[in-house]
Amino acid sequence: MTAALQPVIVGAGPAGVRAAQTLVAHGVRPVVIDEAPRWGGQIYRQPPPGFTRSKRTLYGFEAGRAEALHSAMTNILDRVDYRPETLVWSAEGGRLDVLSHGRMGTLPYGQLIVATGATDRVLPFPGWTLPGVYTLGAAQVALKYQGCAIGARVVIAGTGPLLYLVAYQYAKAGARVVAVLDTASFKDKALAAPAMLRQPAVFAKGVYYLGWLRAHGVPVHQGVRLVRATGGAQVTAMRWRAGAAEHEVACDAVAFGYALRSETQLADLLGCRFSYNALQRAALPERDGAGRSSVPGVYLAGDGAGIMGADAAEWAGERAALALLADAGKAVDAARAAELEAKLARTAAFRVGLERAFPFPQDWAASAPDELVICRCEEITAGQLRQCVQDTGAREMNRLKALTRVGMGRCQGRTCGVAAAEILAHACAAAPDAVGRLRGQAPIKPLPFAAMARANGEAA
Amino acid sequence: MMERLSADVAIIGGGIMGSSAALFLRRMGLSVVLLERDLCGSRSSGVNFGGVRRQGRPASQLPLSQRAQGLWAQLPQLIGIDGEYLRSGHLKIARSEADLAALESYRERTQDFGMDLQILSARALRERCPWLGRAAVGASLCPDDGQANPRLVSPAFALAARRLGADVREQTRIDEAAHDGTAFVLRSGNALEVRATHLLNCAGAWAGTIAAQFGDAVPMESGHPEMAVTEPLPVFLNFSLGVEGGGVYARQVARGNCVIGGGRGYALDDQRARAQRSGIAALMQQTVDLLPALRNAHIIRTWSGTEGYLPDRQPVLGPSANTPGLIHAFGFAGGGFQLGPAVGAVLADLVQSGRTATPIEAFSVSRFSESPRVATTGPVPSAVV
């Protein structure tokens with residue numbers, strides 16, 4: 001490795017692993033930093049050592065891809081500087097700030113591939129803070145990582161491809177899925193079918209899950225609106241509306257989410273330029289077809305720079321690594337690079353279909369009751385946000401944050417930011433892109449004082 | 001199509017200085033246009049530590065600070081909210097006998113200003129503040145000093161001024177400022193022209209450029225005080241804290257979050273600043289020394305801002321030395337939040353009558369033209385709160 005070529009990859013999911021593999025194949029030894037104890041990312045998260053569930057059980061149809069990704073990393077472990085259980089909490093002056101095993105340190109980089117992934121996109125409903133209510137992603141983590149279900153009688157709610165996958169996984173794992181509540185309608189999906197057929201395998205999987213659920217007697221309700229979860233010490237029932245009628249089902253757990261949102265804080269702290277993406281209803285760091293950000297030497301790959309799914313993340317990781325190598329003067333396979341870009345372009349077209357099949361519930365903000373808690377860290381309700389807009393004329397997210405504390409808690413807006421922006425835009429009759437986005441502020445995740453006391457300066 | 005406005009007073013800068021001036025001018029019945037490049041109270045005025053203290057200020061600032069103390073007491077009547085203003089008391093910690101002697105000497109020198117400072121021995125301090133670390137050997141308490149939420153208070157001054165009829169224009173950048181012989185003329189691109197008899201330069205860290213345009217060049221630098229906040233914790237910190245000699249300051253808000261500050265951040269560009277790692281590390285270390293209870297807490301957010309500093313760490317407050325009708329108020333060196341309401345009142349006095357009962361001679365802009373080389377008294381963001 002030359003002094004000029006000193007790549008660091010943040011994230012060991014599909015994008016990060018393929019990026020690492022590509023760099024290694026070109027004789028370059030990257031540092032790979034990951035928050036998780038083992039590689040695979042969220043989608044191919046591995047259980048702790050000693051757990052013996054088969055990949056088929058853990059990943060279903062994706063077992064082959066999971067296996068391929070896991071072994072890709074296994075095969076290069078001796079040629080990468082792999083640092084699991086390491087959080088990047090900020091970046092400044094060509095160095096990452098890291099927190100690893102309770103110690104703070106910094107890590108210099110020459111080039112950076114940001115593959116930070118995604119979390120659930122959360123749109124709250126009354127009762128969402130009751131014990132027993134999880135995001136879809138969290139419900140999956142419980143299953144994949146610990147072999148636990150979130151409950152015995154589970155409601156799966158919201159929308160997005162994950163909805164049916166999680167329902168299927170829970171039912172297969174032996175939980176009773178008492179209802180799948182999809183805010184998207186059957187008509188949405190029918191209209192989206194032509195675009196979705198650009199990736200027939202993915203489309204077929206979706207159809208399979210739905211068919212399987214129906215065949216196994218799992219009630220699937222489409223085109224619904226979530227009314228409320230009820231309970232005391234634990235959620236006991238979920239209520240929803242279909243047309244004019246309200247329905248309720250008893251349950252002991254709810255998993256919900258509305259597709260995914262990108263983890264963009266690191267890109268923001270690195271100074272990457274953002275622009276609004278109407279399809280994903282979010283401001284995203286800009287990247288060219290190869291994954292170059294607006295900051296020289298910083299590359300973006302995978303769901304962290306816009307939701308494209310796991311397969312695309314693998315291609316984007318490889319493509320970004322090729323761009324990094326080419327920019328550093330290394331010879332790369334131009335045909336392979338072009339092929340990857342073509343695959344990514346086809347995926348982008350497919351995503352249009354997917355967003356149509358599982359559309360964002362645009363009426364959510366209008367129907368959110370005033371008493372609905374939007375920011376659970378700071379306990380800020382929709383009504384408080386609306387009152388602030390009315391009293392102060394606030395029209396911008398950072399101002400709303402300053403005046404109400406929304407997004408000021410432990411999650412720093414990672415959970416509540418989407419919902420708060422929707423409430424704000426609706427309250428001031430603005431388009432969702434007109435209210436701005438929360439500024440990234442270090443630390444990306446909370447930083448313990450105890451880590452400072454044991455700081456060792458250089459993590460490298 | 002250029003929009004044209006005229007007013008008795010044009011104010012550049014919608015921080016707490018400019019906004020409170022707008023409020024007091026409207027109470028006098030003068031017409032006001034306030035021009036803010038970004039959002040009112042969103043820069044230093046809105047992101048500072050939130051200390052509302054007199055203790056520790058040089059004697060020259062205490063009359064102004066005392067006037068502010070009186071105005072803070074009327075905050076809800078002035079701006080319509082309480083702004084989380086709390087007279088918690090300000091406790092200034094000594095970490096050595098020499099520091100304690102300095103606090104005692106300060107108390108002697110400032111006895112005429114009604115702060116009622118109380119010196120606490122190490123033992124008295126342990127009894128009243130069992131949560132303090134071993135480093136504290138004594139302290140000086142100012143019982144009626146306190147704290148407030150700058151994110152709420154500073155924008156509320158602008159809103160209150162607007163409610164009283166001030167024409168507040170946010171996201172309006174002034175590109176040209178001049179005097180054409182009869183009035184000040186300000187332009188924002190081709191969109192807006194404002195003519196006014198009086199001009200108040202309250203542009204914070206960016207005020208030096210405007211001052212220089214009117215012949216009042218000042219050696220102003222930008223500094224970036226650094227701050228951080230913890231998650232909500234059980235309430236234990238019943239004072240706003242500082243330390244003699246500076247370095248760290250802390251307070252706990254009603255919700256339980258501990259706000260801490262100290263050290264310096266860095267500029268991202270002309271307008272934006274951010275906390276930096278070396279500062280965060282030092283701040284965390286000093287905080288745990290001062291407040292061992294925070295050892296198991298987390299920092300959930302850090303921030304900084306852009307603040308103007310003059311070499312003697314005193315503000316410029318008063319009429320231009322060269323341009324009649326122009327009045328400056330800037331360079332508060334990280335200590336302007338408490339003074340803000342009084343600065344607004346003084347500015348209104350000066351516009352109305354050309355005089356003010358509050359002594360401000362020490363803050364004259366002409367001190368720089370008379371003695372161009374003034375000794376620097378410390379590192380840039382030394383005094384914050």
# chains A, B, ... in the order shown; residues from 1 in each chain; ligands from 1
>>> select_by_dssp(residues="segment 166-384 of chain B", states="strand (DSSP E or B)", output="ChimeraX atom specification")
/B:167-169,176-179,184-188,192-201,221-223,225-232,240-243,249-252,257-264,266-267,273-274,298-304,307-309,316-319,326-330
>>> write_last_selection(atoms="C-alpha atoms", output="mmCIF file, in the first residue's frame")
data_model
loop_
_atom_site.group_PDB
_atom_site.id
_atom_site.type_symbol
_atom_site.label_atom_id
_atom_site.label_comp_id
_atom_site.auth_asym_id
_atom_site.auth_seq_id
_atom_site.Cartn_x
_atom_site.Cartn_y
_atom_site.Cartn_z
ATOM 1 C CA ASP B 167 -40.677 44.893 9.887
ATOM 2 C CA VAL B 168 -38.505 41.801 10.387
ATOM 3 C CA ARG B 169 -36.966 40.407 7.208
ATOM 4 C CA GLU B 176 -24.621 47.165 -0.013
ATOM 5 C CA ALA B 177 -24.729 49.628 2.850
ATOM 6 C CA ALA B 178 -23.998 53.340 2.376
ATOM 7 C CA HIS B 179 -25.095 56.819 3.388
ATOM 8 C CA PHE B 184 -28.635 55.233 5.073
ATOM 9 C CA VAL B 185 -29.368 53.100 2.031
ATOM 10 C CA LEU B 186 -29.205 49.299 2.310
ATOM 11 C CA ARG B 187 -29.692 46.894 -0.561
ATOM 12 C CA SER B 188 -30.311 43.185 -0.684
ATOM 13 C CA LEU B 192 -34.970 45.126 -1.458
ATOM 14 C CA GLU B 193 -33.840 48.670 -0.709
ATOM 15 C CA VAL B 194 -34.169 50.132 2.788
ATOM 16 C CA ARG B 195 -33.707 53.827 3.613
ATOM 17 C CA ALA B 196 -33.334 54.827 7.250
ATOM 18 C CA THR B 197 -32.237 57.767 9.372
ATOM 19 C CA HIS B 198 -30.411 55.529 11.838
ATOM 20 C CA LEU B 199 -28.485 52.354 11.255
ATOM 21 C CA LEU B 200 -27.687 49.800 13.967
ATOM 22 C CA ASN B 201 -24.815 47.460 13.238
ATOM 23 C CA GLU B 221 -11.530 38.013 15.025
ATOM 24 C CA SER B 222 -13.953 35.114 14.917
ATOM 25 C CA GLY B 223 -13.943 32.510 17.647
ATOM 26 C CA PRO B 225 -16.868 28.327 21.588
ATOM 27 C CA GLU B 226 -17.592 24.631 21.808
ATOM 28 C CA MET B 227 -20.492 23.047 23.618
ATOM 29 C CA ALA B 228 -22.017 19.647 24.272
ATOM 30 C CA VAL B 229 -25.069 18.180 25.962
ATOM 31 C CA THR B 230 -25.795 14.918 27.726
ATOM 32 C CA GLU B 231 -28.916 12.810 27.723
ATOM 33 C CA PRO B 232 -31.442 13.728 30.452
ATOM 34 C CA SER B 240 -24.930 27.229 36.806
ATOM 35 C CA LEU B 241 -21.216 26.477 37.099
ATOM 36 C CA GLY B 242 -18.067 28.178 35.938
ATOM 37 C CA VAL B 243 -14.461 27.909 37.024
ATOM 38 C CA TYR B 249 -18.757 25.570 32.424
ATOM 39 C CA ALA B 250 -21.893 23.544 33.017
ATOM 40 C CA ARG B 251 -25.563 23.754 33.829
ATOM 41 C CA GLN B 252 -28.449 21.307 33.983
ATOM 42 C CA ASN B 257 -29.793 17.345 30.228
ATOM 43 C CA CYS B 258 -26.430 18.746 31.323
ATOM 44 C CA VAL B 259 -25.158 21.437 28.965
ATOM 45 C CA ILE B 260 -21.383 21.816 29.117
ATOM 46 C CA GLY B 261 -18.984 24.128 27.334
ATOM 47 C CA GLY B 262 -15.319 24.913 27.089
ATOM 48 C CA GLY B 263 -12.551 24.891 24.550
ATOM 49 C CA ARG B 264 -12.900 25.886 20.979
ATOM 50 C CA TYR B 266 -13.343 25.290 14.285
ATOM 51 C CA ALA B 267 -14.771 27.164 11.333
ATOM 52 C CA ALA B 273 -18.541 26.250 12.860
ATOM 53 C CA ARG B 274 -18.354 22.851 14.491
ATOM 54 C CA HIS B 298 -23.113 10.225 27.388
ATOM 55 C CA ILE B 299 -22.670 13.218 25.167
ATOM 56 C CA ILE B 300 -25.492 13.128 22.660
ATOM 57 C CA ARG B 301 -24.719 16.298 20.701
ATOM 58 C CA THR B 302 -21.959 18.849 20.239
ATOM 59 C CA TRP B 303 -22.030 22.219 18.553
ATOM 60 C CA SER B 304 -20.277 25.509 18.111
ATOM 61 C CA GLU B 307 -18.661 34.824 17.664
ATOM 62 C CA GLY B 308 -16.793 38.138 17.336
ATOM 63 C CA TYR B 309 -13.829 38.942 19.573
ATOM 64 C CA VAL B 316 -18.015 47.794 20.763
ATOM 65 C CA LEU B 317 -21.200 49.533 21.871
ATOM 66 C CA GLY B 318 -21.954 53.103 20.923
ATOM 67 C CA PRO B 319 -22.009 55.621 18.082
ATOM 68 C CA LEU B 326 -24.653 54.759 12.806
ATOM 69 C CA ILE B 327 -24.478 52.877 16.122
ATOM 70 C CA HIS B 328 -22.516 49.687 16.700
ATOM 71 C CA ALA B 329 -23.161 46.766 19.037
ATOM 72 C CA PHE B 330 -20.893 43.782 18.424
#
>>> residues_around(residues="Gly50 of chain B", least_positions_apart="3", cutoff="7 Å", atoms="only C-alpha atoms", output="VMD selection string")
chain B and resid 147 to 150 385
>>> select_by_dssp(residues="segment 7-38 of chain B", states="alpha helix (DSSP H)", output="ChimeraX atom specification")
/B:16-27
>>> atom_distance(atom1="atom CA of Leu165 of chain A", atom2="atom CA of Lys343 of chain A")
23.5 Å
>>> residues_around(residues="Met308 of chain A", least_positions_apart="5", cutoff="8 Å", atoms="only C-alpha atoms", output="ChimeraX atom specification")
/A:302-303,313,347-348,351
>>> write_last_selection(atoms="C-alpha atoms", output="PDB file, in the first residue's frame")
ATOM      1  CA  GLY A 302     -25.250   0.964  -0.647  1.00  0.00           C
ATOM      2  CA  ASP A 303     -28.382   2.008   1.171  1.00  0.00           C
ATOM      3  CA  ALA A 313     -25.536  -2.499  -2.560  1.00  0.00           C
ATOM      4  CA  THR A 347     -32.258  -1.250 -10.223  1.00  0.00           C
ATOM      5  CA  ALA A 348     -33.041   2.451 -10.069  1.00  0.00           C
ATOM      6  CA  ARG A 351     -37.088   1.143  -7.394  1.00  0.00           C
TER       7      ARG A 351
END
>>> residues_around(residues="Leu100 of chain B", least_positions_apart="4", cutoff="9 Å", atoms="only C-alpha atoms", output="list in words")
Ile93, Ala94, Arg95, Ser96, Glu104, Ser105, Ile119, Ser121, Val137, Gly138, Ala139, Ser140 and Glu244 of chain B
>>> write_last_selection(atoms="N, CA and C atoms", output="PDB file, in the first residue's frame")
ATOM      1  N   ILE B  93     -16.125  28.238  40.568  1.00  0.00           N
ATOM      2  CA  ILE B  93     -15.303  27.318  41.346  1.00  0.00           C
ATOM      3  C   ILE B  93     -13.832  27.748  41.306  1.00  0.00           C
ATOM      4  N   ALA B  94     -13.184  27.637  42.461  1.00  0.00           N
ATOM      5  CA  ALA B  94     -11.730  27.801  42.521  1.00  0.00           C
ATOM      6  C   ALA B  94     -11.100  26.423  42.640  1.00  0.00           C
ATOM      7  N   ARG B  95     -10.060  26.193  41.821  1.00  0.00           N
ATOM      8  CA  ARG B  95      -9.394  24.896  41.876  1.00  0.00           C
ATOM      9  C   ARG B  95      -8.019  24.990  42.544  1.00  0.00           C
ATOM     10  N   SER B  96      -7.715  26.208  43.042  1.00  0.00           N
ATOM     11  CA  SER B  96      -6.458  26.383  43.789  1.00  0.00           C
ATOM     12  C   SER B  96      -6.671  27.545  44.755  1.00  0.00           C
ATOM     13  N   GLU B 104     -11.961  36.141  45.779  1.00  0.00           N
ATOM     14  CA  GLU B 104     -12.155  37.049  46.907  1.00  0.00           C
ATOM     15  C   GLU B 104     -11.854  38.492  46.508  1.00  0.00           C
ATOM     16  N   SER B 105     -10.802  38.650  45.719  1.00  0.00           N
ATOM     17  CA  SER B 105     -10.424  39.982  45.250  1.00  0.00           C
ATOM     18  C   SER B 105     -11.512  40.557  44.321  1.00  0.00           C
ATOM     19  N   ILE B 119     -18.483  34.055  49.286  1.00  0.00           N
ATOM     20  CA  ILE B 119     -17.352  33.133  49.138  1.00  0.00           C
ATOM     21  C   ILE B 119     -17.624  31.885  49.984  1.00  0.00           C
ATOM     22  N   SER B 121     -16.168  28.343  51.505  1.00  0.00           N
ATOM     23  CA  SER B 121     -14.954  27.580  51.806  1.00  0.00           C
ATOM     24  C   SER B 121     -15.100  26.170  51.231  1.00  0.00           C
ATOM     25  N   VAL B 137     -11.675  23.781  45.573  1.00  0.00           N
ATOM     26  CA  VAL B 137     -11.203  24.127  46.919  1.00  0.00           C
ATOM     27  C   VAL B 137     -12.007  25.276  47.523  1.00  0.00           C
ATOM     28  N   GLY B 138     -12.918  25.808  46.773  1.00  0.00           N
ATOM     29  CA  GLY B 138     -13.744  26.911  47.242  1.00  0.00           C
ATOM     30  C   GLY B 138     -14.507  27.459  46.056  1.00  0.00           C
ATOM     31  N   ALA B 139     -15.342  28.474  46.310  1.00  0.00           N
ATOM     32  CA  ALA B 139     -16.140  29.005  45.209  1.00  0.00           C
ATOM     33  C   ALA B 139     -16.714  30.357  45.589  1.00  0.00           C
ATOM     34  N   SER B 140     -17.196  31.047  44.584  1.00  0.00           N
ATOM     35  CA  SER B 140     -17.919  32.287  44.785  1.00  0.00           C
ATOM     36  C   SER B 140     -19.308  32.118  44.185  1.00  0.00           C
ATOM     37  N   GLU B 244     -12.946  29.552  37.908  1.00  0.00           N
ATOM     38  CA  GLU B 244     -12.021  30.675  37.830  1.00  0.00           C
ATOM     39  C   GLU B 244     -10.904  30.296  36.845  1.00  0.00           C
TER      40      GLU B 244
END
